[in-house]
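Engineer: The structure is given below, and queries will be raised subsequently.
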Amino acid sequence: METIRNFYRPEDLIRLKTKMKRERVAVMALAGVTLALCVLFCCLTTTRNALRMEIHTLIASCLGGWLVIYRRVFGLQAARREEEHAAYLLESEQTTLRGKLQITKERLRIKGSIRIRILLLDDGKEARRLKVNETQVRALRPYDGKTVTLSLAGGYVAGIGGEDAGT
Amino acid sequence: MRVLKNIWSQFHRFVLWALLSTVLWAWIFMQLTDTVPAKKVTLYIQAEDCRSQELSLKLEENKPESIKMVKAHPFSYAIFGNADLLGADFFVVRESEVEEMLPSFAPLDGEDWDYGQREQYRADGVFYGVKLCDGQSRGPASEYITYDPGETYYLFFNVDSPHLSAGDGAALRVAEALLKLD
């Protein structure tokens, strides 16, 4: 029987949860430092240095805010989506399909969810359109154009089994 | 490259944050560096150029104890509405504007304050203000105020000011300090 290598295992879910918590702490720490800096500049303000302090506060607030936005969108939200996706795949019932794999360039983006890449799996009768988390495409790349067994869970590709996929 | 692509995808958020941040901190600093009218004396100056912050600080050096701040502004500061202008305690105005603004000026008792030997501005026999300078003479605080050449300037008090003789007289004391800045 062919070995299926799943993209996510229960220990990966723990790792992703930890990563999400770390990202949340980082975002909150960045926001806290930014706010603390701004409050400090406000406390140091006198009539004489008001304009200079306002400019310092504005620079700290802008740069800190931009870092918070960047870290929240590309760190925290990305980690949360990945964790939710992994949990969904692990909770869903798995089936397998065998056929010739083709990785398309078609991408989908559902608001608030992961980026999806469309795959075609041709079993000789029909070519099925399958969805996979775009971050996993790299793992599928060596099997592009080859006959493989895919594990499906909740409508997504959850793992792959090929000639050497299990090793 | 990936970072740049990410930044570009969130560019609208970065711009929005910069705008919000600017408005928010401008408002907070306005609150921090301001106080209620009862605690400040406000002066509006109708001059070509005015180093208002430096002048405020100079006038604050000898401010009466009843007030916390002296605020000097050019007339252009009230560009978004004349509510601030009408709330000022005293004005430095060009002669050409005096007639139009006269109803806003307080009639004065010459004994309330020390205006030196300056020429009085009188309308219908009532004393309203003093001449600061004309085309030939140098006005007070000329280090801070660039008077328009050839213009005559007067100092008047706002009829609604709470800092005249009927109040704490703080506007009169600050005006005296201004007249002494040569």
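By convention here, the chains of the structure tokens are called A, B, ... in the order presented, each chain's residues are numbered starting at 1, and ligands are numbered starting at 1 in the order presented.
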Would you mind listing, as a PyMOL selection string, all residues of chain B that have at least one atom within 8 Å of chain A, where only C-alpha atoms are what counts?
Structural biologist: chain B and resi 6-7+10+13-14+17-18+21-22+25-26+29+32-33+53+57
Engineer: Could you write out the selected residues, including N, CA and C atoms, as a compact mmCIF listing (two decimals), in the first residue's frame?
Structural biologist:
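Result saved to result.txt:
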```txt
# COMPACT_ATOMS: atom_id res chain seq x y z
N ASN B 6 4.46 42.74 -0.33
CA ASN B 6 3.54 42.75 0.82
C ASN B 6 3.16 44.18 1.21
N ILE B 7 4.19 45.05 1.27
CA ILE B 7 3.94 46.44 1.65
C ILE B 7 2.98 47.09 0.66
N GLN B 10 -0.63 46.38 1.13
CA GLN B 10 -1.27 47.02 2.29
C GLN B 10 -1.07 48.53 2.28
N ARG B 13 -3.67 50.83 3.75
CA ARG B 13 -3.73 50.84 5.23
C ARG B 13 -2.64 51.74 5.80
N PHE B 14 -1.44 51.67 5.19
CA PHE B 14 -0.35 52.51 5.68
C PHE B 14 -0.68 53.99 5.52
N TRP B 17 -3.38 54.98 8.02
CA TRP B 17 -2.83 55.11 9.37
C TRP B 17 -2.05 56.42 9.52
N ALA B 18 -1.26 56.76 8.50
CA ALA B 18 -0.48 58.01 8.55
C ALA B 18 -1.42 59.21 8.69
N SER B 21 -3.15 59.12 12.17
CA SER B 21 -2.14 59.42 13.18
C SER B 21 -1.86 60.93 13.23
N THR B 22 -1.73 61.53 12.05
CA THR B 22 -1.44 62.96 11.97
C THR B 22 -2.57 63.77 12.62
N TRP B 25 -2.73 63.08 16.61
CA TRP B 25 -1.68 63.71 17.42
C TRP B 25 -1.71 65.22 17.32
N ALA B 26 -2.12 65.74 16.17
CA ALA B 26 -2.26 67.20 16.06
C ALA B 26 -3.31 67.68 17.06
N PHE B 29 -1.94 67.28 20.70
CA PHE B 29 -0.96 68.31 21.04
C PHE B 29 -1.60 69.69 21.16
N LEU B 32 -2.89 69.61 24.55
CA LEU B 32 -1.80 69.66 25.53
C LEU B 32 -1.23 71.07 25.68
N THR B 33 -1.18 71.78 24.57
CA THR B 33 -0.51 73.09 24.59
C THR B 33 -1.51 74.22 24.65
N GLN B 53 5.32 81.86 18.21
CA GLN B 53 5.69 81.00 19.34
C GLN B 53 6.73 81.69 20.24
N LEU B 57 6.28 82.94 24.17
CA LEU B 57 7.20 82.55 25.26
C LEU B 57 7.77 83.79 25.95
```
Engineer: Using DSSP on the backbone, list every residue of range 45-173 of chain B that comes out as helix (DSSP H, G or I), and give them as number ranges by chain.
Structural biologist: B: 52-60, 75-78, 83-86, 95-104, 170-173
Engineer: Please provide the set of residues having any atom within 7 Å of range 109-115 of chain A, restricted to only C-alpha atoms, with same-chain residues fewer than 6 positions apart removed, written as a CSV table (one decimal) with all heavy atoms, in the first residue's frame.
Structural biologist:
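Dumped to part.csv:
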```
chain,number,residue,atom,x,y,z
A,81,ARG,N,-4.7,31.9,10.0
A,81,ARG,CA,-5.4,31.2,8.9
A,81,ARG,C,-4.7,29.8,8.7
A,81,ARG,O,-5.5,28.8,8.5
A,81,ARG,CB,-5.2,32.0,7.6
A,81,ARG,CG,-6.0,33.2,7.5
A,81,ARG,CD,-5.7,34.0,6.3
A,81,ARG,NE,-6.3,35.3,6.4
A,81,ARG,CZ,-5.8,36.4,5.9
A,81,ARG,NH1,-4.6,36.4,5.2
A,81,ARG,NH2,-6.4,37.6,6.0
A,82,GLU,N,-3.4,29.7,8.8
A,82,GLU,CA,-2.7,28.5,8.6
A,82,GLU,C,-3.2,27.5,9.7
A,82,GLU,O,-3.4,26.3,9.4
A,82,GLU,CB,-1.2,28.7,8.7
A,82,GLU,CG,-0.3,27.6,8.5
A,82,GLU,CD,0.0,27.4,7.0
A,82,GLU,OE1,-0.2,28.4,6.2
A,82,GLU,OE2,0.5,26.3,6.6
A,133,ASN,N,-3.7,24.4,-0.2
A,133,ASN,CA,-3.1,25.6,0.4
A,133,ASN,C,-1.9,25.9,-0.4
A,133,ASN,O,-1.0,25.1,-0.6
A,133,ASN,CB,-2.7,25.2,1.9
A,133,ASN,CG,-2.1,26.4,2.6
A,133,ASN,OD1,-1.9,27.5,2.1
A,133,ASN,ND2,-1.9,26.2,3.9
A,134,GLU,N,-1.8,27.2,-0.8
A,134,GLU,CA,-0.7,27.6,-1.7
A,134,GLU,C,0.7,27.4,-1.1
A,134,GLU,O,1.7,27.1,-1.8
A,134,GLU,CB,-0.8,29.1,-2.1
A,134,GLU,CG,0.0,29.4,-3.3
A,134,GLU,CD,-0.3,30.8,-3.9
A,134,GLU,OE1,-0.6,31.7,-3.1
A,134,GLU,OE2,-0.3,30.9,-5.1
```
Engineer: What does the structure give for the distance between CA of Asp123 in chain A and CA of Thr96 in chain A, in Å to one decimal?
Structural biologist: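 These two atoms are separated by 12.0 Å.
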Engineer: Could you pull out all residues of range 9-71 of chain B with a DSSP call of strand (DSSP E or B) and give them as a PyMOL selection string?
Structural biologist: chain B and resi 40-45+49-50+69-71
Engineer: Any idea what's packed within 9 Å of Glu151 in chain B, counting only C-alpha atoms, ignoring anything in its chain fewer than 3 positions away? Could you give it as a ChimeraX atom specification?
Structural biologist: /B:94-96,133-135,147-148
Engineer: Please report the interatomic distance between CA of Arg71 in chain A and CA of Leu30 in chain A in Å with one decimal.
Structural biologist: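 CA of Leu30 in chain A lies 9.0 Å from CA of Arg71 in chain A.
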Engineer: Find the residue from B:Gln136, B:Ser66, B:Ser56, B:Ser165 that sits nearest to Pro107 in chain B; use only C-alpha atoms when measuring.
Structural biologist: B:Ser165
Engineer: Just to confirm, what's the straight-line distance from CA of Pro103 in chain B to CA of Leu55 in chain B in Å (one decimal)?
Structural biologist: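 According to the coordinates, CA of Pro103 in chain B and CA of Leu55 in chain B are separated by 27.0 Å.
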Engineer: Skip range 101-107 of chain A itself and residues of its chain fewer than 3 positions away, then list as an MDAnalysis selection string all residues within 7 Å of it, counting only C-alpha atoms.
Structural biologist: chainID A and resid 116:122 143:148
Engineer: Using N, CA, C and O atoms, can you write the selected residues to a file as a PDB file, in the first residue's frame?
Structural biologist:
```pdb
ATOM      1  N   ILE A 116      -5.362  29.864  -2.051  1.00  0.00           N
ATOM      2  CA  ILE A 116      -5.574  28.519  -2.602  1.00  0.00           C
ATOM      3  C   ILE A 116      -4.993  28.420  -4.014  1.00  0.00           C
ATOM      4  O   ILE A 116      -5.077  29.377  -4.787  1.00  0.00           O
ATOM      5  N   ARG A 117      -4.412  27.279  -4.325  1.00  0.00           N
ATOM      6  CA  ARG A 117      -3.961  27.008  -5.695  1.00  0.00           C
ATOM      7  C   ARG A 117      -4.813  25.847  -6.218  1.00  0.00           C
ATOM      8  O   ARG A 117      -5.121  24.909  -5.467  1.00  0.00           O
ATOM      9  N   ILE A 118      -5.194  25.939  -7.465  1.00  0.00           N
ATOM     10  CA  ILE A 118      -6.019  24.884  -8.080  1.00  0.00           C
ATOM     11  C   ILE A 118      -5.108  23.834  -8.727  1.00  0.00           C
ATOM     12  O   ILE A 118      -4.164  24.175  -9.453  1.00  0.00           O
ATOM     13  N   LEU A 119      -5.418  22.554  -8.449  1.00  0.00           N
ATOM     14  CA  LEU A 119      -4.688  21.423  -9.064  1.00  0.00           C
ATOM     15  C   LEU A 119      -5.660  20.658  -9.961  1.00  0.00           C
ATOM     16  O   LEU A 119      -6.864  20.664  -9.709  1.00  0.00           O
ATOM     17  N   LEU A 120      -5.118  20.008 -10.944  1.00  0.00           N
ATOM     18  CA  LEU A 120      -5.934  19.102 -11.763  1.00  0.00           C
ATOM     19  C   LEU A 120      -5.424  17.679 -11.526  1.00  0.00           C
ATOM     20  O   LEU A 120      -4.213  17.445 -11.547  1.00  0.00           O
ATOM     21  N   LEU A 121      -6.356  16.763 -11.270  1.00  0.00           N
ATOM     22  CA  LEU A 121      -5.969  15.361 -11.081  1.00  0.00           C
ATOM     23  C   LEU A 121      -6.770  14.527 -12.083  1.00  0.00           C
ATOM     24  O   LEU A 121      -7.990  14.409 -11.970  1.00  0.00           O
ATOM     25  N   ASP A 122      -6.048  14.015 -13.066  1.00  0.00           N
ATOM     26  CA  ASP A 122      -6.690  13.269 -14.161  1.00  0.00           C
ATOM     27  C   ASP A 122      -6.567  11.763 -13.893  1.00  0.00           C
ATOM     28  O   ASP A 122      -5.469  11.215 -13.886  1.00  0.00           O
ATOM     29  N   TYR A 143       6.100  16.394  -8.102  1.00  0.00           N
ATOM     30  CA  TYR A 143       5.160  15.399  -8.650  1.00  0.00           C
ATOM     31  C   TYR A 143       4.305  15.952  -9.781  1.00  0.00           C
ATOM     32  O   TYR A 143       3.400  15.283 -10.248  1.00  0.00           O
ATOM     33  N   ASP A 144       4.610  17.158 -10.221  1.00  0.00           N
ATOM     34  CA  ASP A 144       3.846  17.787 -11.302  1.00  0.00           C
ATOM     35  C   ASP A 144       4.000  16.954 -12.582  1.00  0.00           C
ATOM     36  O   ASP A 144       5.127  16.696 -13.024  1.00  0.00           O
ATOM     37  N   GLY A 145       2.901  16.493 -13.120  1.00  0.00           N
ATOM     38  CA  GLY A 145       2.931  15.687 -14.345  1.00  0.00           C
ATOM     39  C   GLY A 145       3.066  14.195 -14.073  1.00  0.00           C
ATOM     40  O   GLY A 145       3.087  13.397 -15.010  1.00  0.00           O
ATOM     41  N   LYS A 146       3.171  13.801 -12.805  1.00  0.00           N
ATOM     42  CA  LYS A 146       3.337  12.387 -12.458  1.00  0.00           C
ATOM     43  C   LYS A 146       2.037  11.828 -11.888  1.00  0.00           C
ATOM     44  O   LYS A 146       1.171  12.580 -11.427  1.00  0.00           O
ATOM     45  N   THR A 147       1.943  10.527 -11.868  1.00  0.00           N
ATOM     46  CA  THR A 147       0.772   9.879 -11.279  1.00  0.00           C
ATOM     47  C   THR A 147       1.004   9.733  -9.778  1.00  0.00           C
ATOM     48  O   THR A 147       2.039   9.189  -9.354  1.00  0.00           O
ATOM     49  N   VAL A 148       0.083  10.268  -9.022  1.00  0.00           N
ATOM     50  CA  VAL A 148       0.231  10.262  -7.558  1.00  0.00           C
ATOM     51  C   VAL A 148      -1.103   9.899  -6.897  1.00  0.00           C
ATOM     52  O   VAL A 148      -2.156   9.900  -7.543  1.00  0.00           O
TER      53      VAL A 148
END
```
Engineer: With a distance cut-off of 12 Å and only C-alpha atoms, select the neighbouring residues of Met69 in chain B, excluding the residue or stretch itself and same-chain residues fewer than 4 positions from it, and output the selection as JSON, numbers by chain.
Structural biologist: {"A": [46, 47, 48], "B": [32, 33, 34, 35, 36, 37, 38, 39, 40, 41, 42, 43, 53, 55, 56, 57, 58, 59, 60, 61, 62, 63, 64, 65, 170, 171, 174]}
Engineer: Restrict the selected residues to N, CA, C and O atoms and save them as a compact mmCIF listing (two decimals), in the first residue's frame.
Structural biologist:
```txt
# COMPACT_ATOMS: atom_id res chain seq x y z
N THR A 46 6.74 70.65 26.50
CA THR A 46 6.57 71.97 27.14
C THR A 46 6.19 72.95 26.03
O THR A 46 6.27 72.59 24.84
N THR A 47 5.82 74.17 26.40
CA THR A 47 5.46 75.16 25.37
C THR A 47 6.62 75.36 24.39
O THR A 47 6.42 75.48 23.19
N ARG A 48 7.84 75.34 24.94
CA ARG A 48 9.01 75.62 24.11
C ARG A 48 9.31 74.51 23.10
O ARG A 48 9.69 74.78 21.96
N LEU B 32 -2.89 69.61 24.55
CA LEU B 32 -1.80 69.66 25.53
C LEU B 32 -1.23 71.07 25.68
O LEU B 32 -0.80 71.45 26.76
N THR B 33 -1.18 71.78 24.57
CA THR B 33 -0.51 73.09 24.59
C THR B 33 -1.51 74.22 24.65
O THR B 33 -1.20 75.35 24.29
N ASP B 34 -2.73 73.91 25.06
CA ASP B 34 -3.75 74.96 25.15
C ASP B 34 -4.46 74.84 26.49
O ASP B 34 -4.30 73.85 27.20
N THR B 35 -5.21 75.85 26.82
CA THR B 35 -5.99 75.80 28.05
C THR B 35 -7.28 76.61 27.86
O THR B 35 -7.49 77.19 26.80
N VAL B 36 -8.11 76.66 28.86
CA VAL B 36 -9.40 77.36 28.73
C VAL B 36 -9.17 78.88 28.65
O VAL B 36 -8.17 79.38 29.18
N PRO B 37 -10.09 79.61 28.01
CA PRO B 37 -9.89 81.06 27.86
C PRO B 37 -9.67 81.79 29.19
O PRO B 37 -8.94 82.78 29.24
N ALA B 38 -10.25 81.29 30.26
CA ALA B 38 -10.10 81.95 31.56
C ALA B 38 -8.67 81.88 32.08
O ALA B 38 -8.27 82.68 32.93
N LYS B 39 -7.89 80.93 31.53
CA LYS B 39 -6.51 80.73 32.02
C LYS B 39 -5.46 81.22 31.02
O LYS B 39 -4.28 80.92 31.19
N LYS B 40 -5.91 81.86 29.94
CA LYS B 40 -4.91 82.31 28.96
C LYS B 40 -5.28 83.69 28.42
O LYS B 40 -6.45 84.07 28.43
N VAL B 41 -4.25 84.36 27.95
CA VAL B 41 -4.45 85.63 27.25
C VAL B 41 -4.06 85.40 25.80
O VAL B 41 -2.98 84.90 25.52
N THR B 42 -4.98 85.72 24.90
CA THR B 42 -4.73 85.48 23.48
C THR B 42 -4.61 86.80 22.73
O THR B 42 -5.41 87.71 22.93
N LEU B 43 -3.58 86.83 21.90
CA LEU B 43 -3.30 88.04 21.12
C LEU B 43 -3.30 87.68 19.64
O LEU B 43 -2.67 86.69 19.25
N GLN B 53 5.32 81.86 18.21
CA GLN B 53 5.69 81.00 19.34
C GLN B 53 6.73 81.69 20.24
O GLN B 53 6.60 81.69 21.47
N LEU B 55 7.23 84.89 20.47
CA LEU B 55 6.60 86.03 21.13
C LEU B 55 5.77 85.55 22.34
O LEU B 55 5.82 86.16 23.41
N SER B 56 5.04 84.45 22.17
CA SER B 56 4.24 83.89 23.27
C SER B 56 5.15 83.58 24.46
O SER B 56 4.84 83.93 25.60
N LEU B 57 6.28 82.94 24.17
CA LEU B 57 7.20 82.55 25.26
C LEU B 57 7.77 83.79 25.95
O LEU B 57 7.91 83.82 27.17
N LYS B 58 8.08 84.81 25.15
CA LYS B 58 8.64 86.05 25.72
C LYS B 58 7.61 86.72 26.63
O LYS B 58 7.95 87.16 27.74
N LEU B 59 6.36 86.78 26.16
CA LEU B 59 5.32 87.43 26.96
C LEU B 59 4.97 86.61 28.21
O LEU B 59 4.55 87.16 29.21
N GLU B 60 5.17 85.31 28.11
CA GLU B 60 4.87 84.44 29.27
C GLU B 60 5.88 84.64 30.40
O GLU B 60 5.60 84.29 31.55
N GLU B 61 7.05 85.20 30.07
CA GLU B 61 8.07 85.37 31.10
C GLU B 61 7.56 86.26 32.24
O GLU B 61 7.94 86.09 33.39
N ASN B 62 6.72 87.23 31.91
CA ASN B 62 6.20 88.15 32.94
C ASN B 62 4.68 88.09 33.03
O ASN B 62 4.04 89.10 33.29
N LYS B 63 4.13 86.92 32.79
CA LYS B 63 2.66 86.83 32.78
C LYS B 63 2.10 86.97 34.20
O LYS B 63 2.76 86.56 35.17
N PRO B 64 0.89 87.51 34.32
CA PRO B 64 0.26 87.59 35.64
C PRO B 64 0.01 86.18 36.19
O PRO B 64 -0.15 85.23 35.42
N GLU B 65 -0.05 86.05 37.50
CA GLU B 65 -0.21 84.73 38.12
C GLU B 65 -1.55 84.08 37.84
O GLU B 65 -1.69 82.87 37.90
N ALA B 170 -5.52 90.74 33.33
CA ALA B 170 -4.33 90.06 32.79
C ALA B 170 -4.00 90.51 31.35
O ALA B 170 -2.83 90.64 31.00
N ALA B 171 -5.04 90.76 30.54
CA ALA B 171 -4.79 91.19 29.16
C ALA B 171 -4.08 92.54 29.15
O ALA B 171 -3.19 92.79 28.32
N VAL B 174 -0.41 91.93 30.03
CA VAL B 174 0.34 91.32 28.91
C VAL B 174 0.57 92.37 27.82
O VAL B 174 1.65 92.44 27.22
```
Engineer: May I ask which of the residues A:Leu44, A:Met20, A:Ala36, A:Leu97 is the closest one to Ala78 in chain A, counting only C-alpha atoms?
Structural biologist: A:Met20
Engineer: For Trp113 in chain B, which residue out of B:Ala88, B:Val15, B:Ile45, B:Val130 is the nearest one, using only C-alpha atoms?
Structural biologist: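 Result for the nearest residue to Trp113 in chain B: B:Val130.
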